[in-house]
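Structure record follows, encoded as structure tokens.
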Amino acid sequence: MSEVIATDATFEKEVLQASEPVLVDFWAPWCGPCRIIGPIVEKLAGEFAGKVKVAKLNVDENPVTAQKYGVMSIPTLIIYKGGQAVEQMVGVQQEAALREKLAAFG
Amino acid sequence: MAEQVIIIGSGPAGYTAAVYAARANLAPLLFSGQEPGGQLTTTTDVENFPGFPNGIQGPELVAAMRAQAERFGTRIVDEAVTAVDFSARPFRVSAPSGDFTAKTVIIATGASAKRLGLDSEKALYGKGVSACATCDGFFFKGKEVIVVGGGDAAMEEANFLTRFATKVTVVVRRDALRASKIMQERAVNNPKVAFLWNTEITDILGADVGHVTGVKLRNTATGEASEMKTDGVFSAIGHEPTTKLFAGQIELDAKGYVVTKNGTSATSVPGVFAGGDVADFRYRQAVTAAGTGCMAALDAEKFLESEAH
């Protein structure tokens, strides 16, 4: 699997200190639209392997990180670069649009 | 070569049309659109879809429909259609991956939740303003929220949000609810739900601090203005049909719904059919959408047969 599972405990190391840009998918099992964006994110993780790191963060189990970044709606996707959140997208994103976004960072 | 049938939309109407068209050997091509699965993906328990005596989760129901459509050979493209051309045949349907042509098209693009239409609503979207209580209720644990609207959807959201919020205030523009009896009773009898009658929201506060802090209200009877503190605003004020794509191509009514003819799914363009909420301002149920999606597939099949002779 090309996606990384991020948690409150590993977020600093996996995401903020990563050398490459990181796309984080904030999700939860009970969120219908998250199930739609899940496979899209997974597919793009494969396509951008080595260029953009893709992580999933379950907000149910990791409320601290979600709260820290003001996530109050899921699915939310945040792109981090050099430890900073540089792009935040709320709601289901189209595959093509998301690919374009990632291409700009990758 | 032109497709026999292209289906635009992936709610109960689109998937039911796909099941029927696929079983009629029409090898339908279905575009799942901007919000694959449609409105069912943002609901919780569906208790009124026949065949599920204990209810079923909306996302599960629509996922099962998708699987059923695929089982009979529906090809699903997870893209949103960007343009259509119904002025010549075969019809043209454009998507990010290319242009497609089809002998018949079934429109099942459904409807989406109306927004309040405030600038502050847009600015605070995902920061306390939400269009999906089932997705975002979790973030309002121990907080106070507002639900706007007086229909079934508003009652469902209000009840659902009491699992997390300490208090849910339903803001209703009139002095009565539109919701069905059973949904009204659940909300009215819920000790965490309060109602504000004859009231509308004129502004959402908190853009300066990056999250919702309150709302400005106006009494629709007296005109009196007030403010109220809140952490979240969920609106459930009805739906509008997703028909921008078809403006100028087929007949739409004054509210933007696709006009269908005499109890069939036929639109103003022969060979283009419509099913589900996109052509239904009245019933708007998962089961009626499935029913009219079925009608659209049967009508398309008959149309193709008549063309072949």
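In the structure tokens, each chain is lettered A, B, ... as it comes, each chain's residues begin at 1, and ligands are numbered from 1 in order of appearance.
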
Give me the residues within 9 Å of A:Leu77 as a list in words, counting only C-alpha atoms and dropping any in the same chain fewer than 3 places off. Leu23, Val24, Asp25, Phe26, Trp27, Ile74, Glu87, Gln88, Met89, Val90, Gly91 and Gln93 of chain A

At a cut-off of 9 Å, using only C-alpha atoms, what residues contact A:Gly38? Leave out same-chain residues fewer than 4 positions from it and give the result as a PyMOL selection string. chain A and resi 25+27+33-34+42-43+56

Go ahead and save the picked residues with N, CA and C atoms, as an mmCIF file, in the first residue's frame.
data_model
loop_
_atom_site.group_PDB
_atom_site.id
_atom_site.type_symbol
_atom_site.label_atom_id
_atom_site.label_comp_id
_atom_site.auth_asym_id
_atom_site.auth_seq_id
_atom_site.Cartn_x
_atom_site.Cartn_y
_atom_site.Cartn_z
ATOM 1 N N ASP A 25 -5.453 12.852 4.175
ATOM 2 C CA ASP A 25 -6.893 12.643 4.035
ATOM 3 C C ASP A 25 -7.476 12.464 5.439
ATOM 4 N N TRP A 27 -10.417 11.621 7.638
ATOM 5 C CA TRP A 27 -11.615 10.838 7.342
ATOM 6 C C TRP A 27 -12.111 10.148 8.613
ATOM 7 N N PRO A 33 -19.315 10.392 2.347
ATOM 8 C CA PRO A 33 -18.486 10.965 1.281
ATOM 9 C C PRO A 33 -17.003 10.577 1.403
ATOM 10 N N CYS A 34 -16.558 10.249 2.626
ATOM 11 C CA CYS A 34 -15.159 9.823 2.797
ATOM 12 C C CYS A 34 -14.904 8.518 2.050
ATOM 13 N N GLU A 42 -6.372 6.879 -2.763
ATOM 14 C CA GLU A 42 -5.530 5.686 -2.839
ATOM 15 C C GLU A 42 -4.894 5.554 -4.232
ATOM 16 N N LYS A 43 -5.701 5.806 -5.247
ATOM 17 C CA LYS A 43 -5.213 5.720 -6.620
ATOM 18 C C LYS A 43 -4.102 6.747 -6.866
ATOM 19 N N LYS A 56 -3.352 8.955 5.552
ATOM 20 C CA LYS A 56 -4.742 8.995 5.998
ATOM 21 C C LYS A 56 -4.765 9.169 7.509
#

Extract, using only C-alpha atoms, all DNA, RNA and protein residues at most 12 Å from stretch 85-100 of chain B, discarding same-chain residues fewer than 2 positions from it, and format them as an NGL selection string. (:A and (94-97 or 99)) or (:B and (1-8 or 29-34 or 77-83 or 102-107 or 245-251 or 267-273))

Which chain B residues have any atom within 12 Å of an atom of chain A, and for each, what is the nearest pair of atoms with distance in Å to one decimal, counting only C-alpha atoms, rows sorted by chain and number, as a Markdown table?
| residue | atom | partner | partner_atom | distance |
| --- | --- | --- | --- | --- |
| B:Ser10 | CA | A:Ile36 | CA | 11.9 |
| B:Ser32 | CA | A:Ile36 | CA | 10.6 |
| B:Gly33 | CA | A:Gln94 | CA | 8.6 |
| B:Gln34 | CA | A:Gln94 | CA | 6.7 |
| B:Glu35 | CA | A:Val92 | CA | 6.9 |
| B:Pro36 | CA | A:Ile36 | CA | 6.8 |
| B:Gly37 | CA | A:Ile36 | CA | 8.3 |
| B:Gly38 | CA | A:Pro33 | CA | 9.3 |
| B:Gln39 | CA | A:Pro33 | CA | 9.9 |
| B:Leu40 | CA | A:Gly32 | CA | 8.4 |
| B:Thr41 | CA | A:Gly32 | CA | 4.8 |
| B:Thr42 | CA | A:Gly32 | CA | 5.8 |
| B:Thr43 | CA | A:Gly32 | CA | 7.9 |
| B:Thr44 | CA | A:Gly32 | CA | 8.7 |
| B:Asp45 | CA | A:Trp30 | CA | 11.7 |
| B:Gln57 | CA | A:Gly32 | CA | 9.3 |
| B:Gly58 | CA | A:Gly32 | CA | 8.1 |
| B:Pro59 | CA | A:Gly32 | CA | 5.5 |
| B:Glu60 | CA | A:Gly32 | CA | 8.6 |
| B:Leu61 | CA | A:Gly32 | CA | 11.0 |
| B:Val62 | CA | A:Gly32 | CA | 10.2 |
| B:Ala63 | CA | A:Arg35 | CA | 9.9 |
| B:Val77 | CA | A:Glu95 | CA | 11.1 |
| B:Asp78 | CA | A:Glu95 | CA | 8.1 |
| B:Glu79 | CA | A:Gln94 | CA | 7.1 |
| B:Ala80 | CA | A:Gln94 | CA | 7.7 |
| B:Val81 | CA | A:Gln94 | CA | 11.2 |
| B:Thr82 | CA | A:Gln94 | CA | 11.9 |
| B:Ala95 | CA | A:Ala96 | CA | 10.4 |
| B:Pro96 | CA | A:Ala96 | CA | 7.3 |
| B:Ser97 | CA | A:Ala96 | CA | 9.0 |
| B:Lys122 | CA | A:Val90 | CA | 11.6 |
| B:Ala123 | CA | A:Val90 | CA | 11.9 |
| B:Leu124 | CA | A:Met72 | CA | 10.3 |
| B:Tyr125 | CA | A:Val90 | CA | 8.1 |
| B:Gly126 | CA | A:Ser73 | CA | 4.9 |
| B:Lys127 | CA | A:Met72 | CA | 5.6 |
| B:Gly128 | CA | A:Met72 | CA | 6.2 |
| B:Val129 | CA | A:Ser73 | CA | 8.4 |
| B:Ser130 | CA | A:Ser73 | CA | 6.8 |
| B:Ala131 | CA | A:Ser73 | CA | 9.0 |
| B:Cys132 | CA | A:Ser73 | CA | 8.2 |
| B:Ala133 | CA | A:Ser73 | CA | 9.2 |
| B:Thr134 | CA | A:Cys31 | CA | 6.6 |
| B:Cys135 | CA | A:Cys31 | CA | 4.7 |
| B:Asp136 | CA | A:Ser73 | CA | 4.9 |
| B:Gly137 | CA | A:Ser73 | CA | 8.5 |
| B:Phe138 | CA | A:Asp60 | CA | 8.1 |
| B:Phe139 | CA | A:Met72 | CA | 5.5 |
| B:Phe140 | CA | A:Met72 | CA | 8.1 |
| B:Lys141 | CA | A:Met72 | CA | 11.0 |
| B:Val209 | CA | A:Gly70 | CA | 11.3 |
| B:Gly210 | CA | A:Gly70 | CA | 8.6 |
| B:His211 | CA | A:Gly70 | CA | 8.3 |
| B:Val212 | CA | A:Met72 | CA | 10.4 |
| B:Asp231 | CA | A:Met72 | CA | 10.5 |
| B:Gly232 | CA | A:Met72 | CA | 9.3 |
| B:Val233 | CA | A:Met72 | CA | 11.5 |
| B:Phe234 | CA | A:Ser73 | CA | 11.3 |

Using DSSP secondary structure from the backbone, list all alpha helix (DSSP H) positions within stretch 120-307 of chain B, as number ranges by chain. B: 120-123, 133-136, 152-161, 181-188, 286-307

Enter the distance from atom CA of B:Lys229 to atom CA of A:Ile78, in Å, rounded to one decimal.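 Atom CA of B:Lys229 sits 28.6 Å away from atom CA of A:Ile78.
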
Spatial neighbours of stretch 160-168 of chain B, 6 Å, only C-alpha atoms, chain gap at least 6 places, as a PyMOL selection string: chain B and resi 137+140-146+192-193

What does the distance from atom CA of A:Ala85 to atom CA of A:Leu16 come to in Å, to one decimal?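 Atom CA of A:Leu16 lies at a distance of 8.9 Å from atom CA of A:Ala85.
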
Please list as an mmCIF file with N, CA and C atoms, in the first residue's frame every residue within 10 Å of stretch 147-154 of chain B, counting only C-alpha atoms and excluding residues in the same chain fewer than 5 positions away.
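Printed below is part05.cif as written:
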data_model
loop_
_atom_site.group_PDB
_atom_site.id
_atom_site.type_symbol
_atom_site.label_atom_id
_atom_site.label_comp_id
_atom_site.auth_asym_id
_atom_site.auth_seq_id
_atom_site.Cartn_x
_atom_site.Cartn_y
_atom_site.Cartn_z
ATOM 1 N N THR B 43 -26.817 10.642 4.195
ATOM 2 C CA THR B 43 -27.868 10.323 5.166
ATOM 3 C C THR B 43 -27.379 9.189 6.061
ATOM 4 N N LEU B 116 -27.783 28.703 2.143
ATOM 5 C CA LEU B 116 -28.495 29.900 2.575
ATOM 6 C C LEU B 116 -28.220 31.055 1.629
ATOM 7 N N SER B 130 -21.791 23.524 7.793
ATOM 8 C CA SER B 130 -21.724 22.191 7.214
ATOM 9 C C SER B 130 -22.955 21.878 6.404
ATOM 10 N N ALA B 133 -24.617 16.729 8.193
ATOM 11 C CA ALA B 133 -24.619 16.483 9.640
ATOM 12 C C ALA B 133 -23.979 15.142 9.974
ATOM 13 N N ASN B 159 -32.105 15.738 15.159
ATOM 14 C CA ASN B 159 -32.067 14.565 16.044
ATOM 15 C C ASN B 159 -30.691 13.915 16.042
ATOM 16 N N PHE B 160 -30.124 13.787 14.855
ATOM 17 C CA PHE B 160 -28.812 13.156 14.745
ATOM 18 C C PHE B 160 -27.770 13.949 15.525
ATOM 19 N N LEU B 161 -27.830 15.279 15.412
ATOM 20 C CA LEU B 161 -26.805 16.114 16.036
ATOM 21 C C LEU B 161 -26.858 16.086 17.561
ATOM 22 N N VAL B 168 -29.361 21.676 20.313
ATOM 23 C CA VAL B 168 -29.589 21.923 18.889
ATOM 24 C C VAL B 168 -30.790 22.854 18.765
ATOM 25 N N THR B 169 -30.568 24.003 18.140
ATOM 26 C CA THR B 169 -31.671 24.937 17.929
ATOM 27 C C THR B 169 -32.084 24.893 16.466
ATOM 28 N N VAL B 170 -33.339 24.584 16.243
ATOM 29 C CA VAL B 170 -33.854 24.546 14.871
ATOM 30 C C VAL B 170 -34.451 25.909 14.544
ATOM 31 N N VAL B 171 -33.905 26.542 13.510
ATOM 32 C CA VAL B 171 -34.386 27.850 13.101
ATOM 33 C C VAL B 171 -35.350 27.667 11.934
ATOM 34 N N VAL B 172 -36.598 28.052 12.178
ATOM 35 C CA VAL B 172 -37.658 27.826 11.190
ATOM 36 C C VAL B 172 -38.213 29.166 10.737
ATOM 37 N N ARG B 173 -38.302 29.339 9.443
ATOM 38 C CA ARG B 173 -38.730 30.621 8.911
ATOM 39 C C ARG B 173 -40.210 30.917 9.195
ATOM 40 N N ARG B 174 -41.011 29.869 9.185
ATOM 41 C CA ARG B 174 -42.448 30.058 9.432
ATOM 42 C C ARG B 174 -42.782 29.717 10.891
ATOM 43 N N ASP B 175 -44.084 29.570 11.195
ATOM 44 C CA ASP B 175 -44.453 29.213 12.565
ATOM 45 C C ASP B 175 -44.902 27.757 12.660
ATOM 46 N N ALA B 176 -44.568 26.992 11.625
ATOM 47 C CA ALA B 176 -44.931 25.572 11.631
ATOM 48 C C ALA B 176 -43.884 24.778 10.858
ATOM 49 N N LEU B 177 -43.925 23.454 11.050
ATOM 50 C CA LEU B 177 -42.972 22.583 10.359
ATOM 51 C C LEU B 177 -43.611 21.945 9.134
ATOM 52 N N ARG B 178 -42.782 21.683 8.139
ATOM 53 C CA ARG B 178 -43.217 20.998 6.937
ATOM 54 C C ARG B 178 -43.045 19.482 7.100
ATOM 55 N N ALA B 179 -42.239 19.108 8.077
ATOM 56 C CA ALA B 179 -41.808 17.711 8.219
ATOM 57 C C ALA B 179 -42.986 16.770 8.468
ATOM 58 N N SER B 180 -42.769 15.493 8.160
ATOM 59 C CA SER B 180 -43.796 14.487 8.398
ATOM 60 C C SER B 180 -44.015 14.329 9.903
ATOM 61 N N LYS B 181 -45.199 13.859 10.255
ATOM 62 C CA LYS B 181 -45.582 13.688 11.660
ATOM 63 C C LYS B 181 -44.527 12.971 12.493
ATOM 64 N N ILE B 182 -44.078 11.829 11.991
ATOM 65 C CA ILE B 182 -43.175 11.001 12.781
ATOM 66 C C ILE B 182 -41.843 11.710 13.041
ATOM 67 N N MET B 183 -41.355 12.436 12.028
ATOM 68 C CA MET B 183 -40.089 13.152 12.187
ATOM 69 C C MET B 183 -40.262 14.358 13.116
ATOM 70 N N GLN B 184 -41.399 15.046 12.990
ATOM 71 C CA GLN B 184 -41.697 16.186 13.871
ATOM 72 C C GLN B 184 -41.707 15.741 15.323
ATOM 73 N N ALA B 187 -38.351 15.084 16.882
ATOM 74 C CA ALA B 187 -37.585 16.294 17.190
ATOM 75 C C ALA B 187 -38.194 17.044 18.366
ATOM 76 N N VAL B 193 -33.479 19.388 21.714
ATOM 77 C CA VAL B 193 -33.840 20.189 20.536
ATOM 78 C C VAL B 193 -34.783 21.322 20.935
ATOM 79 N N PHE B 195 -36.733 25.040 19.373
ATOM 80 C CA PHE B 195 -37.163 25.649 18.114
ATOM 81 C C PHE B 195 -37.199 27.162 18.218
ATOM 82 N N LEU B 196 -36.777 27.813 17.153
ATOM 83 C CA LEU B 196 -36.929 29.264 17.032
ATOM 84 C C LEU B 196 -37.833 29.497 15.831
ATOM 85 N N TRP B 197 -39.075 29.917 16.100
ATOM 86 C CA TRP B 197 -40.047 30.067 15.014
ATOM 87 C C TRP B 197 -39.954 31.445 14.362
ATOM 88 N N THR B 199 -38.162 32.774 12.193
ATOM 89 C CA THR B 199 -36.818 33.335 12.298
ATOM 90 C C THR B 199 -35.974 32.935 11.094
ATOM 91 N N GLU B 200 -35.173 33.890 10.619
ATOM 92 C CA GLU B 200 -34.222 33.528 9.573
ATOM 93 C C GLU B 200 -32.837 34.049 9.931
ATOM 94 N N ILE B 201 -31.828 33.390 9.346
ATOM 95 C CA ILE B 201 -30.450 33.794 9.589
ATOM 96 C C ILE B 201 -30.052 34.816 8.545
ATOM 97 N N GLY B 232 -21.943 25.936 15.398
ATOM 98 C CA GLY B 232 -22.105 25.324 14.080
ATOM 99 C C GLY B 232 -23.433 25.666 13.440
ATOM 100 N N VAL B 233 -23.454 25.705 12.120
ATOM 101 C CA VAL B 233 -24.683 25.961 11.383
ATOM 102 C C VAL B 233 -24.859 24.883 10.317
ATOM 103 N N PHE B 234 -25.942 24.128 10.436
ATOM 104 C CA PHE B 234 -26.270 23.088 9.455
ATOM 105 C C PHE B 234 -27.543 23.526 8.751
ATOM 106 N N SER B 235 -27.504 23.620 7.429
ATOM 107 C CA SER B 235 -28.734 24.027 6.758
ATOM 108 C C SER B 235 -29.380 22.841 6.057
ATOM 109 N N ALA B 236 -30.693 22.787 6.168
ATOM 110 C CA ALA B 236 -31.491 21.745 5.507
ATOM 111 C C ALA B 236 -32.750 22.432 5.002
ATOM 112 N N ILE B 237 -32.550 23.314 4.028
ATOM 113 C CA ILE B 237 -33.653 24.162 3.564
ATOM 114 C C ILE B 237 -34.129 23.762 2.181
ATOM 115 N N GLY B 238 -33.956 22.492 1.883
ATOM 116 C CA GLY B 238 -34.476 22.027 0.597
ATOM 117 C C GLY B 238 -33.382 21.821 -0.431
#

Hey, what does DSSP flag as strand (DSSP E or B) within stretch 20-99 of chain A? Can you give it to me as number ranges by chain? A: 22-27, 53-58, 76-81, 84-90

Output file for the residues above (C-alpha atoms, as a PDB file, in the first residue's frame):
ATOM      1  CA  VAL A  22       2.305  15.298   2.043  1.00  0.00           C
ATOM      2  CA  LEU A  23      -1.393  14.992   1.258  1.00  0.00           C
ATOM      3  CA  VAL A  24      -3.389  14.073   4.354  1.00  0.00           C
ATOM      4  CA  ASP A  25      -6.893  12.643   4.035  1.00  0.00           C
ATOM      5  CA  PHE A  26      -8.842  13.419   7.229  1.00  0.00           C
ATOM      6  CA  TRP A  27     -11.615  10.838   7.342  1.00  0.00           C
ATOM      7  CA  LYS A  53       3.469  11.258   0.236  1.00  0.00           C
ATOM      8  CA  VAL A  54      -0.139  10.378   0.967  1.00  0.00           C
ATOM      9  CA  ALA A  55      -1.376   9.819   4.505  1.00  0.00           C
ATOM     10  CA  LYS A  56      -4.742   8.995   5.998  1.00  0.00           C
ATOM     11  CA  LEU A  57      -5.775  10.236   9.409  1.00  0.00           C
ATOM     12  CA  ASN A  58      -8.820   8.826  11.177  1.00  0.00           C
ATOM     13  CA  THR A  76     -10.954  17.316   4.361  1.00  0.00           C
ATOM     14  CA  LEU A  77      -7.705  17.053   2.439  1.00  0.00           C
ATOM     15  CA  ILE A  78      -4.721  19.126   3.502  1.00  0.00           C
ATOM     16  CA  ILE A  79      -1.433  19.384   1.632  1.00  0.00           C
ATOM     17  CA  TYR A  80       1.588  19.981   3.869  1.00  0.00           C
ATOM     18  CA  LYS A  81       4.902  21.257   2.634  1.00  0.00           C
ATOM     19  CA  GLN A  84       3.138  23.913   6.887  1.00  0.00           C
ATOM     20  CA  ALA A  85      -0.438  23.375   5.726  1.00  0.00           C
ATOM     21  CA  VAL A  86      -0.398  25.009   2.297  1.00  0.00           C
ATOM     22  CA  GLU A  87      -3.689  23.876   0.805  1.00  0.00           C
ATOM     23  CA  GLN A  88      -6.959  22.781   2.384  1.00  0.00           C
ATOM     24  CA  MET A  89      -9.862  21.219   0.492  1.00  0.00           C
ATOM     25  CA  VAL A  90     -13.215  20.432   2.101  1.00  0.00           C
TER      26      VAL A  90
END

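Computed from the coordinates, the atom CA of A:Ser2 to atom CA of A:Gln17 distance equals 18.1 Å.
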